[in-house]
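Data file: structure.cif. Format and content: mmCIF, C-alpha atoms.
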```cif
data_input
#
loop_
_atom_site.label_atom_id
_atom_site.label_comp_id
_atom_site.auth_asym_id
_atom_site.auth_seq_id
_atom_site.Cartn_x
_atom_site.Cartn_y
_atom_site.Cartn_z
CA MET A 1 -22.57 -32.42 3.84
CA GLU A 2 -21.80 -31.38 7.40
CA THR A 3 -18.16 -31.18 8.36
CA THR A 4 -17.36 -32.20 11.92
CA ARG A 5 -15.06 -29.80 13.71
CA GLN A 6 -11.74 -31.24 14.80
CA GLN A 7 -11.33 -31.49 18.57
CA ALA A 8 -8.14 -30.64 20.42
CA ILE A 9 -6.47 -30.37 23.80
CA ILE A 10 -4.15 -27.41 24.31
CA VAL A 11 -0.96 -27.79 26.33
CA GLY A 12 1.45 -25.20 27.72
CA VAL A 13 4.38 -24.84 30.08
CA GLN A 14 4.47 -21.82 32.38
CA LEU A 15 8.06 -20.81 33.05
CA GLN A 16 9.08 -18.84 36.13
CA ASN A 17 8.35 -15.08 35.89
CA ASP A 18 6.00 -15.64 32.91
CA THR A 19 3.10 -13.32 33.79
CA ASN A 20 1.45 -13.61 30.36
CA PHE A 21 0.93 -17.37 30.42
CA ALA A 22 -2.86 -17.37 30.96
CA TYR A 23 -3.24 -14.83 28.17
CA SER A 24 -1.05 -16.77 25.71
CA MET A 25 -3.12 -19.93 26.39
CA GLU A 26 -6.30 -17.95 25.75
CA GLU A 27 -4.79 -16.71 22.51
CA LEU A 28 -3.88 -20.31 21.57
CA ARG A 29 -7.58 -21.16 22.07
CA ASN A 30 -8.52 -18.30 19.70
CA LEU A 31 -5.96 -19.45 17.13
CA ALA A 32 -7.45 -22.95 17.28
CA ALA A 33 -10.95 -21.50 16.82
CA ALA A 34 -9.68 -19.57 13.78
CA CYS A 35 -8.64 -22.99 12.35
CA ASN A 36 -12.13 -24.36 13.03
CA ILE A 37 -10.83 -26.52 15.90
CA THR A 38 -12.84 -26.97 19.13
CA VAL A 39 -10.74 -27.00 22.29
CA ILE A 40 -12.14 -29.65 24.64
CA GLY A 41 -9.41 -29.67 27.29
CA GLU A 42 -6.37 -27.87 28.62
CA LEU A 43 -3.23 -29.04 30.41
CA SER A 44 -0.49 -26.85 31.83
CA GLN A 45 2.67 -27.38 33.84
CA LYS A 46 4.78 -24.97 35.86
CA ALA A 47 8.47 -25.56 35.33
CA SER A 48 11.83 -23.79 35.49
CA ARG A 49 12.58 -24.90 31.92
CA ILE A 50 10.97 -26.74 29.03
CA ASN A 51 11.81 -30.46 28.91
CA PRO A 52 14.19 -30.73 25.91
CA SER A 53 13.05 -34.24 24.89
CA HIS A 54 9.27 -34.22 25.51
CA TYR A 55 8.42 -30.55 26.28
CA LEU A 56 6.54 -31.84 29.38
CA GLY A 57 7.69 -33.92 32.35
CA THR A 58 6.95 -37.68 32.48
CA GLY A 59 4.02 -37.32 34.93
CA LYS A 60 2.32 -34.72 32.75
CA ILE A 61 2.79 -36.92 29.65
CA GLN A 62 0.88 -39.70 31.48
CA GLU A 63 -1.82 -37.24 32.57
CA LEU A 64 -2.16 -36.00 29.00
CA SER A 65 -2.34 -39.56 27.70
CA MET A 66 -5.32 -40.22 29.98
CA MET A 67 -7.08 -37.04 28.81
CA VAL A 68 -6.90 -38.04 25.14
CA GLU A 69 -9.63 -40.64 24.71
CA ASP A 70 -10.59 -40.17 21.07
CA GLU A 71 -7.82 -41.14 18.66
CA ASP A 72 -8.81 -38.23 16.35
CA THR A 73 -8.16 -35.67 19.07
CA LEU A 74 -5.36 -33.28 18.17
CA ILE A 75 -2.84 -32.06 20.75
CA ILE A 76 -1.72 -28.43 20.32
CA PHE A 77 1.34 -27.12 22.16
CA ASN A 78 1.71 -23.44 23.04
CA ASP A 79 5.35 -23.17 21.92
CA GLU A 80 7.23 -24.10 18.77
CA LEU A 81 8.32 -27.72 19.22
CA THR A 82 11.65 -29.08 18.05
CA PRO A 83 11.66 -31.95 15.53
CA SER A 84 12.69 -34.45 18.23
CA GLN A 85 9.99 -33.20 20.65
CA ILE A 86 7.30 -33.77 17.99
CA ARG A 87 8.66 -37.25 17.28
CA ASN A 88 8.92 -38.24 20.97
CA LEU A 89 5.49 -36.83 21.84
CA GLU A 90 3.77 -38.59 18.95
CA SER A 91 5.49 -41.82 19.94
CA SER A 92 4.48 -41.50 23.62
CA LEU A 93 0.90 -40.32 23.01
CA ASP A 94 0.13 -42.11 19.75
CA ARG A 95 -1.70 -38.96 18.60
CA GLN A 96 -1.06 -36.17 16.11
CA VAL A 97 0.86 -33.33 17.73
CA ILE A 98 1.11 -29.77 16.39
CA ASP A 99 2.46 -26.52 17.80
CA ARG A 100 1.50 -22.85 17.88
CA THR A 101 3.64 -22.12 14.82
CA ILE A 102 1.94 -24.60 12.50
CA LEU A 103 -1.45 -23.33 13.72
CA ILE A 104 -0.56 -19.76 12.72
CA LEU A 105 0.91 -20.98 9.42
CA ASN A 106 -2.34 -22.84 8.69
CA ILE A 107 -4.42 -19.72 9.35
CA PHE A 108 -2.15 -17.71 7.05
CA ALA A 109 -2.37 -20.39 4.34
CA ASP A 110 -6.16 -20.38 4.60
CA ARG A 111 -6.51 -16.58 4.47
CA ALA A 112 -3.83 -15.65 1.91
CA LYS A 113 -5.62 -14.25 -1.14
CA THR A 114 -3.03 -12.37 -3.20
CA LYS A 115 -0.28 -14.12 -5.13
CA GLU A 116 2.41 -12.54 -2.96
CA ALA A 117 0.77 -13.53 0.34
CA GLN A 118 0.36 -17.11 -0.92
CA LEU A 119 4.03 -17.29 -1.97
CA GLN A 120 5.19 -15.92 1.38
CA VAL A 121 3.07 -18.40 3.34
CA GLU A 122 4.34 -21.33 1.28
CA VAL A 123 7.96 -20.30 1.85
CA ALA A 124 7.29 -20.07 5.60
CA GLN A 125 5.60 -23.49 5.66
CA LEU A 126 8.46 -25.14 3.77
CA GLN A 127 11.08 -23.50 5.99
CA TYR A 128 9.20 -24.85 9.00
CA MET A 129 9.07 -28.36 7.48
CA LEU A 130 12.71 -28.59 6.42
CA PRO A 131 14.35 -29.17 9.84
CA ARG A 132 11.44 -31.40 10.83
CA LEU A 133 12.30 -33.73 7.95
CA ASN A 134 15.68 -33.98 9.62
CA GLY A 135 13.99 -34.99 12.87
CA MET A 136 12.22 -37.79 11.01
CA ARG A 137 15.50 -39.39 9.93
CA GLU A 138 15.54 -41.65 12.99
CA SER A 139 11.95 -42.85 12.62
CA LEU A 140 12.49 -43.49 8.91
CA GLY A 141 15.62 -45.43 9.77
CA ARG A 142 13.69 -47.52 12.31
CA GLN A 143 11.25 -48.57 9.59
CA GLY A 144 13.84 -51.09 8.46
CA GLY A 145 12.96 -53.06 11.62
CA GLY A 146 16.38 -54.76 11.73
CA SER A 147 16.04 -56.33 8.29
CA GLY A 148 19.36 -55.04 7.02
CA LEU A 149 20.46 -51.69 5.66
CA LYS A 150 18.52 -51.84 2.42
CA ASN A 151 15.22 -50.59 3.80
CA ARG A 152 16.79 -47.90 5.93
CA GLY A 153 18.74 -46.66 2.95
CA ALA A 154 15.52 -46.40 0.96
CA GLY A 155 13.99 -44.31 3.73
CA GLU A 156 16.96 -41.99 3.85
CA THR A 157 17.07 -41.67 0.08
CA LYS A 158 13.41 -40.64 0.08
CA LEU A 159 14.20 -38.15 2.83
CA GLU A 160 17.06 -36.63 0.83
CA LEU A 161 14.77 -36.46 -2.20
CA ASP A 162 12.10 -34.66 -0.15
CA ARG A 163 14.67 -32.27 1.26
CA ARG A 164 16.10 -31.46 -2.16
CA ARG A 165 12.62 -30.89 -3.59
CA ILE A 166 11.72 -28.58 -0.71
CA GLU A 167 14.98 -26.62 -1.03
CA GLU A 168 14.45 -26.26 -4.79
CA ARG A 169 10.85 -25.15 -4.23
CA ILE A 170 11.95 -22.57 -1.62
CA THR A 171 14.57 -21.21 -4.07
CA ALA A 172 11.99 -20.98 -6.88
CA LEU A 173 9.42 -19.29 -4.62
CA GLN A 174 11.96 -16.80 -3.28
CA ALA A 175 12.94 -15.86 -6.86
CA GLU A 176 9.27 -15.29 -7.69
CA LEU A 177 8.81 -13.29 -4.49
CA GLN A 178 11.80 -11.13 -5.36
CA GLY A 179 10.01 -10.16 -8.58
CA GLN A 180 6.94 -9.14 -6.55
CA VAL A 181 9.12 -7.16 -4.13
CA GLU A 182 10.87 -5.33 -6.97
CA ARG A 183 7.51 -4.47 -8.52
CA ARG A 184 6.34 -2.98 -5.23
CA GLN A 185 9.59 -1.05 -4.82
CA ILE A 186 9.00 0.52 -8.24
CA GLN A 187 5.49 1.50 -7.10
CA ARG A 188 6.96 2.96 -3.89
CA ARG A 189 9.57 4.95 -5.82
CA GLN A 190 6.78 6.29 -8.02
CA ARG A 191 4.87 7.41 -4.92
CA HIS A 192 7.98 9.12 -3.53
CA LYS A 193 8.44 10.86 -6.89
CA ASN A 194 4.86 12.08 -6.69
CA GLU A 195 5.61 13.19 -3.12
CA VAL A 196 2.41 11.64 -1.80
CA PRO A 197 2.74 11.04 1.98
CA VAL A 198 2.27 7.44 3.16
CA VAL A 199 0.34 6.71 6.36
CA CYS A 200 0.47 3.11 7.65
CA LEU A 201 -2.06 1.39 9.90
CA VAL A 202 -0.26 -1.02 12.25
CA GLY A 203 -1.34 -2.97 15.32
CA TYR A 204 -2.25 -6.31 16.84
CA THR A 205 -4.39 -8.71 14.85
CA ASN A 206 -8.12 -7.90 15.05
CA ALA A 207 -7.56 -4.37 16.43
CA GLY A 208 -9.77 -2.95 13.66
CA LYS A 209 -7.22 -1.65 11.14
CA SER A 210 -9.22 -2.70 8.07
CA SER A 211 -12.43 -1.29 9.57
CA LEU A 212 -10.64 2.02 10.13
CA LEU A 213 -9.35 2.08 6.55
CA ASN A 214 -12.90 1.40 5.33
CA ALA A 215 -14.30 4.21 7.53
CA MET A 216 -11.73 6.66 6.07
CA VAL A 217 -12.54 5.56 2.49
CA GLU A 218 -16.29 5.88 3.09
CA THR A 219 -15.90 9.31 4.72
CA TYR A 220 -13.86 10.86 1.91
CA HIS A 221 -14.91 8.70 -1.07
CA PRO A 222 -18.51 7.65 -0.34
CA GLY A 223 -19.88 5.00 -2.66
CA SER A 224 -16.46 4.32 -4.26
CA ASN A 225 -16.59 0.56 -3.46
CA LYS A 226 -12.95 0.66 -2.42
CA GLN A 227 -13.52 -1.07 0.92
CA VAL A 228 -11.21 -3.88 2.01
CA PHE A 229 -12.24 -7.15 3.69
CA ALA A 230 -12.81 -6.62 7.39
CA LYS A 231 -14.06 -9.20 9.85
CA ASN A 232 -13.94 -9.77 13.59
CA MET A 233 -11.38 -12.60 13.49
CA LEU A 234 -7.65 -13.16 13.82
CA PHE A 235 -5.60 -12.40 10.70
CA ALA A 236 -8.50 -11.30 8.49
CA THR A 237 -5.96 -9.18 6.56
CA LEU A 238 -2.85 -10.89 5.19
CA GLU A 239 -1.91 -8.58 2.38
CA THR A 240 -1.10 -4.91 2.23
CA SER A 241 -3.93 -2.78 0.85
CA VAL A 242 -3.24 0.81 -0.21
CA ARG A 243 -5.97 3.42 -0.69
CA SER A 244 -5.54 7.00 -1.83
CA ILE A 245 -7.41 9.40 0.47
CA ARG A 246 -8.18 12.78 -1.10
CA LEU A 247 -9.33 15.41 1.38
CA PRO A 248 -11.80 18.20 0.50
CA ASP A 249 -8.94 20.75 0.22
CA HIS A 250 -7.23 18.53 -2.44
CA LYS A 251 -4.52 17.26 -0.10
CA THR A 252 -3.87 13.56 -0.76
CA PHE A 253 -2.19 10.82 1.24
CA LEU A 254 -1.91 7.05 0.85
CA LEU A 255 -3.39 4.94 3.63
CA THR A 256 -1.91 1.44 3.97
CA ASP A 257 -3.49 -1.49 5.82
CA THR A 258 -0.99 -4.12 7.02
CA VAL A 259 -1.05 -7.66 8.42
CA GLY A 260 -1.72 -7.70 12.17
CA PHE A 261 0.91 -8.72 14.69
CA VAL A 262 0.60 -11.49 17.28
CA SER A 263 2.75 -12.60 20.21
CA GLN A 264 5.25 -15.34 19.39
CA LEU A 265 4.78 -14.72 15.67
CA PRO A 266 6.79 -17.55 14.03
CA HIS A 267 10.15 -16.20 12.89
CA HIS A 268 9.61 -17.93 9.53
CA LEU A 269 6.61 -15.66 9.05
CA VAL A 270 8.37 -12.50 10.16
CA LYS A 271 11.04 -13.27 7.56
CA ALA A 272 8.51 -14.24 4.89
CA PHE A 273 6.42 -11.13 5.47
CA ARG A 274 9.31 -8.72 5.82
CA SER A 275 8.80 -7.52 2.24
CA THR A 276 5.10 -6.87 2.94
CA LEU A 277 6.00 -5.07 6.14
CA GLU A 278 8.66 -2.99 4.37
CA GLU A 279 5.74 -0.67 3.57
CA VAL A 280 5.79 0.19 7.27
CA THR A 281 9.48 1.16 7.35
CA GLU A 282 8.98 3.71 4.56
CA ALA A 283 5.86 5.36 5.99
CA ASP A 284 5.77 9.05 6.90
CA LEU A 285 3.41 8.31 9.79
CA LEU A 286 2.20 5.20 11.63
CA ILE A 287 -1.30 4.90 13.08
CA HIS A 288 -0.95 2.32 15.87
CA VAL A 289 -4.51 0.94 16.12
CA VAL A 290 -5.35 -0.52 19.55
CA ASP A 291 -8.44 -2.55 20.50
CA ALA A 292 -9.30 -0.53 23.62
CA SER A 293 -12.03 -3.05 24.54
CA ASP A 294 -9.52 -5.91 24.95
CA PRO A 295 -8.33 -6.26 28.56
CA GLN A 296 -4.90 -7.27 27.20
CA HIS A 297 -4.50 -4.22 24.95
CA GLU A 298 -1.37 -2.97 26.73
CA GLN A 299 0.30 -6.33 26.13
CA HIS A 300 -0.77 -6.07 22.45
CA MET A 301 0.79 -2.60 22.21
CA THR A 302 4.08 -3.98 23.57
CA VAL A 303 4.09 -6.84 21.02
CA THR A 304 3.38 -4.37 18.19
CA SER A 305 6.10 -1.96 19.37
CA ASP A 306 8.62 -4.82 19.66
CA THR A 307 7.75 -6.06 16.15
CA LEU A 308 8.12 -2.53 14.72
CA LYS A 309 11.50 -2.26 16.43
CA ALA A 310 12.58 -5.57 14.87
CA LEU A 311 11.58 -4.17 11.47
CA GLY A 312 13.55 -0.97 12.06
CA ALA A 313 10.39 1.16 12.06
CA ASP A 314 10.52 2.36 15.67
CA GLY A 315 11.75 5.86 14.73
CA ILE A 316 8.70 6.80 12.63
CA PRO A 317 6.24 9.34 14.13
CA THR A 318 3.26 7.45 15.57
CA VAL A 319 -0.33 8.33 16.46
CA TYR A 320 -2.10 5.93 18.85
CA ALA A 321 -5.72 5.27 17.85
CA TYR A 322 -7.70 3.58 20.65
CA ASN A 323 -10.42 1.84 18.63
CA LYS A 324 -13.64 -0.02 19.60
CA SER A 325 -14.25 2.65 22.26
CA ASP A 326 -18.01 2.09 21.77
CA LEU A 327 -17.45 -1.20 23.65
CA THR A 328 -15.78 0.57 26.61
CA ASP A 329 -16.70 3.37 29.01
CA ARG A 330 -14.13 5.72 27.42
CA ALA A 331 -15.43 9.05 26.10
CA TYR A 332 -15.02 9.28 22.32
CA PRO A 333 -14.07 10.81 20.00
CA ALA A 334 -11.33 12.50 22.00
CA VAL A 335 -7.83 13.71 21.17
CA GLU A 336 -5.10 13.86 23.79
CA GLY A 337 -1.61 14.72 22.56
CA GLY A 338 -0.58 12.07 20.05
CA SER A 339 -3.46 9.74 20.98
CA ILE A 340 -7.06 9.57 19.84
CA THR A 341 -10.08 7.60 21.06
CA ILE A 342 -12.29 6.44 18.18
CA SER A 343 -14.87 3.92 16.98
CA ALA A 344 -14.14 2.82 13.42
CA ARG A 345 -17.38 0.80 13.34
CA GLN A 346 -19.39 3.97 14.02
CA SER A 347 -17.03 6.17 11.92
CA SER A 348 -16.63 8.30 15.04
CA GLY A 349 -13.40 10.27 15.35
CA ILE A 350 -12.49 10.15 11.64
CA SER A 351 -12.27 13.94 11.20
CA GLU A 352 -10.24 14.26 14.43
CA LEU A 353 -7.86 11.52 13.26
CA THR A 354 -7.56 13.26 9.89
CA GLY A 355 -6.59 16.43 11.78
CA LEU A 356 -3.75 14.53 13.51
CA ILE A 357 -2.63 13.05 10.17
CA ARG A 358 -2.66 16.53 8.61
CA SER A 359 -0.46 17.99 11.34
CA HIS A 360 2.15 15.26 10.73
CA VAL A 361 2.28 14.85 6.95
CA PHE A 362 1.23 18.19 5.46
CA ASN A 363 3.77 20.50 7.05
CA ASP A 364 5.47 21.39 3.74
CA TYR A 365 2.59 23.60 2.55
CA VAL A 366 2.73 27.36 2.00
CA GLN A 367 0.04 30.05 2.02
CA CYS A 368 0.44 32.55 -0.78
CA GLU A 369 -1.27 35.05 -3.06
CA ILE A 370 -0.16 35.04 -6.71
CA LEU A 371 -1.05 36.56 -10.05
CA VAL A 372 -0.95 34.11 -12.97
CA PRO A 373 -0.79 35.64 -16.49
CA PHE A 374 -3.72 34.62 -18.73
CA ASP A 375 -1.37 32.78 -21.12
CA ARG A 376 -0.37 30.51 -18.22
CA GLY A 377 -3.88 29.13 -17.75
CA SER A 378 -2.58 25.58 -17.33
CA ILE A 379 -1.00 26.65 -14.00
CA VAL A 380 -4.37 27.87 -12.74
CA SER A 381 -5.85 24.47 -13.75
CA TYR A 382 -3.00 22.66 -11.97
CA PHE A 383 -3.53 24.60 -8.72
CA ASN A 384 -7.31 24.07 -8.91
CA GLU A 385 -6.62 20.34 -9.08
CA HIS A 386 -3.66 20.01 -6.66
CA ALA A 387 -3.92 22.91 -4.20
CA HIS A 388 -6.48 24.46 -1.90
CA VAL A 389 -7.59 27.58 -3.76
CA GLN A 390 -9.34 29.86 -1.27
CA GLU A 391 -10.10 32.88 -3.46
CA VAL A 392 -10.06 33.69 -7.18
CA SER A 393 -10.38 37.07 -8.91
CA TYR A 394 -9.63 38.27 -12.41
CA GLU A 395 -7.49 41.36 -13.07
CA GLU A 396 -6.10 43.03 -16.17
CA GLN A 397 -2.78 41.14 -16.00
CA GLY A 398 -4.20 37.72 -15.16
CA THR A 399 -5.86 35.49 -12.57
CA ARG A 400 -5.31 36.35 -8.92
CA LEU A 401 -5.26 33.31 -6.58
CA ARG A 402 -5.11 33.07 -2.81
CA LEU A 403 -4.16 29.50 -2.05
CA GLU A 404 -2.39 26.89 0.03
CA CYS A 405 -0.10 24.62 -1.98
CA ARG A 406 2.86 22.30 -1.57
CA ALA A 407 6.15 24.15 -1.19
CA ALA A 408 7.53 21.98 -4.05
CA ASP A 409 4.74 23.15 -6.40
CA TYR A 410 5.28 26.77 -5.37
CA GLU A 411 8.99 26.51 -6.23
CA ARG A 412 8.27 24.62 -9.45
CA PHE A 413 6.04 27.36 -10.90
CA ARG A 414 7.42 30.49 -9.24
CA GLY A 415 8.97 31.71 -12.52
CA ASP A 416 5.52 31.63 -14.17
CA PHE A 417 3.55 33.89 -11.80
CA VAL A 418 3.89 37.18 -9.96
CA GLU A 419 4.18 36.76 -6.20
CA LEU A 420 1.86 39.16 -4.34
CA SER A 421 2.36 37.77 -0.82
CA HIS A 422 4.01 34.67 0.64
#
```

Do you think you could lay out the structure here as structure tokens?
Amino acid sequence: METTRQQAIIVGVQLQNDTNFAYSMEELRNLAAACNITVIGELSQKASRINPSHYLGTGKIQELSMMVEDEDTLIIFNDELTPSQIRNLESSLDRQVIDRTILILNIFADRAKTKEAQLQVEVAQLQYMLPRLNGMRESLGRQGGGSGLKNRGAGETKLELDRRRIEERITALQAELQGQVERRQIQRRQRHKNEVPVVCLVGYTNAGKSSLLNAMVETYHPGSNKQVFAKNMLFATLETSVRSIRLPDHKTFLLTDTVGFVSQLPHHLVKAFRSTLEEVTEADLLIHVVDASDPQHEQHMTVTSDTLKALGADGIPTVYAYNKSDLTDRAYPAVEGGSITISARQSSGISELTGLIRSHVFNDYVQCEILVPFDRGSIVSYFNEHAHVQEVSYEEQGTRLRLECRAADYERFRGDFVELSH
């Protein structure tokens, strides 16, 4: 059975000094497409402020009303609408009205796969709905149509019932989420105990973070089937994926893929996803992935930086990875200071990026030459597994190793071997 795509008109108000308006309308179009909605028209208005009652001025409301011929056509507004704006617009236009926030929430609801992501999206949706129930009080009250208070009371009672149910559901979901958060904190503490560095991929939605994670996994663990879902669409990744990357010299770090950022991300979602994004605040290094082929990539970088600042992660060392360079005229792979030009799709620049990661997260290693007595063979096994052993020879007193190991491991075993050079 063929499903017909919903049609919509997108509407926005350009305020004075708003230089990103055209881009944000284009992004609204992309968000609609991600919800399987076809945009058939666009209406915009320049104004010094947004109309508090109807978002648009009276003339524009009439113009919009004439544009909407089909009663099934949806009207999508570029900003988050207040409860009264939604009510007034639906009354004036006699059409369903939604805003940018509910569009993003719908995409998240559709894409959430893990239990935690689903819980977080539901909390965000309910928090969005709660004040909008309040805005419906008047229209519910009007249903009485002047036939006494009885009907209106029934409407309000139903409203209170809905509100209480939503509040109870939010409380229950948040308790369940807390359990998920605590479980992840235990996992994080375990990682800290194991002293495994954490490297986080951050960036705008659809910059290629998941593709980069997959390229790293395939480079260092070919055929391991540990790839994550990656697709050229907004918000393909909604949950944090962590992969352990073990380099040929036995150094290991954890690579984390995170949900992408977007301009005007609904504050409900920032709050709901804060626990997911906490991974970012505890990282040893951030890889800020940028879609270099997107003409708006500088704007995307600003949005990402602002979001990281809001999370309290702006002080973490950051490497900028300009991805999708195969779609530009940039030379790649190329390293310049703390930036690198790569193509995750072609796995080009992976070794150079690994070199940058190494220089940031493996600076607590020591080069040494040691002699391990034969009755301490387990230490030799440990270093073979967890250090980069460059040379081995056998002498009368034991096994001689020239190696590079973590300073913590060196200190841990220093009473069990003879130090020849350090």

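Across A:Thr354, A:Ser421, A:Thr307, A:Asn106, the tightest approach to Gln125 in chain A is made by A:Asn106 when counting all atoms listed in the file.
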
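Each of A:Ser84, A:Val303, A:Ser91, A:Arg100 was compared to Leu133 in chain A using only C-alpha atoms, and A:Ser84 turns out to be the nearest.
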
*For the atom pair CA of Ile370 in chain A and CA of Phe413 in chain A, what is the interatomic distance in Å to one decimal place?*
10.7 Å

*Spatial neighbours of Glu71 in chain A, 9 Å, only C-alpha atoms, chain gap at least 4 places, as a ChimeraX atom specification*: /A:94-96

*Given the file above and the PyMOL selection byres ((chain A and resi 420) around 10), which residues are selected, and can you give them as a ChimeraX atom specification?*
/A:368-371,400-402,417-419,421-422

*Enumerate, as a PyMOL selection string, the residues matched when the PyMOL selection byres ((chain A and resi 325) around 12) is run on the file above.*
chain A and resi 207-208+289-294+321-324+326-334+340-349

*asked:* Between CA of Leu103 in chain A and CA of Ile76 in chain A, what is the distance in Å, rounded to a tenth?
replied: 8.3 Å

Just the residues within 8 Å of range 220-222 of chain A, please, counting only C-alpha atoms, with nothing from its chain fewer than 6 positions along; format it as a PDB file with C-alpha atoms, in the frame of the given file.
```
ATOM      1  CA  ILE A 245      -7.410   9.400   0.470  1.00  0.00           C
ATOM      2  CA  ARG A 246      -8.180  12.780  -1.100  1.00  0.00           C
ATOM      3  CA  LEU A 247      -9.330  15.410   1.380  1.00  0.00           C
ATOM      4  CA  PRO A 248     -11.800  18.200   0.500  1.00  0.00           C
TER       5      PRO A 248
END
```

_Set the distance at 10 Å and use all atoms listed in the file: which residues neighbour range 24-29 of chain A once local chain neighbours fewer than 3 positions away are removed? I'd like the list as a VMD selection string._
chain A and resid 8 to 14 19 to 21 32 to 35 37 to 40 42 to 44 76 to 79 99 to 100 103 to 104 234 262 to 264

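Compared by their closest atoms to Met67 in chain A, and using only C-alpha atoms, the residues A:Ala124, A:Leu15, A:Val389, A:Leu93 rank with A:Leu93 nearest.
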
*Of the candidates A:Leu254, A:Ala47, A:Leu89, A:Leu64, which shows the shortest atom-to-atom distance to Asn17 in chain A, using all atoms listed in the file?*
A:Ala47

Can you find the residues with an atom no farther than 6 Å from (-4.8, 6.4, 3.1), counting all atoms listed in the file, and report them as a PDB file with C-alpha atoms, in the coordinates of the input?
```pdb
ATOM      1  CA  ARG A 243      -5.970   3.420  -0.690  1.00  0.00           C
ATOM      2  CA  SER A 244      -5.540   7.000  -1.830  1.00  0.00           C
ATOM      3  CA  ILE A 245      -7.410   9.400   0.470  1.00  0.00           C
ATOM      4  CA  PHE A 253      -2.190  10.820   1.240  1.00  0.00           C
ATOM      5  CA  LEU A 254      -1.910   7.050   0.850  1.00  0.00           C
ATOM      6  CA  LEU A 255      -3.390   4.940   3.630  1.00  0.00           C
ATOM      7  CA  THR A 256      -1.910   1.440   3.970  1.00  0.00           C
TER       8      THR A 256
END
```

If the box runs along x, y and z of the file and leaves 8 Å on each side of range 62-78 of chain A, what are its centre and edge lengths in Å, one decimal, as JSON?
```
{"center_x": -4.4, "center_y": -32.3, "center_z": 24.5, "size_x": 28.3, "size_y": 33.7, "size_z": 32.2}
```

_I'd like the residues picked by the PyMOL selection byres ((chain A and resi 202) around 12) written out as a ChimeraX atom specification, using the chain letters and numbers from the file._
/A:199-201,203-210,212-213,237,240,255-262,277,279-281,283,285-291,300-301,303-305,307-308,313-314,316,318-321

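Near Asp72 in chain A, within 8 Å and counting all atoms listed in the file, sit A:Gln6, A:Gln7, A:Asp70, A:Leu74, A:Arg95, not including residues fewer than 2 positions from it in the same chain.
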
*Skip Glu168 in chain A itself and residues of its chain fewer than 5 positions away, then list as a PyMOL selection string all residues within 12 Å of it, counting all atoms listed in the file.*
chain A and resi 123+126-127+130+161-163+173-175

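CA of Val366 in chain A is found 5.6 Å from CA of Cys405 in chain A.
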
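Considering all atoms listed in the file, the residue among A:Leu56, A:Leu269, A:Leu403, A:Val335 positioned nearest to Ala109 in chain A is A:Leu269.
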
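Among A:Ala215, A:Glu404, A:Gln397, A:Ser351, the residue with the shortest atom-to-atom distance to Pro373 in chain A, counting only C-alpha atoms, is A:Gln397.
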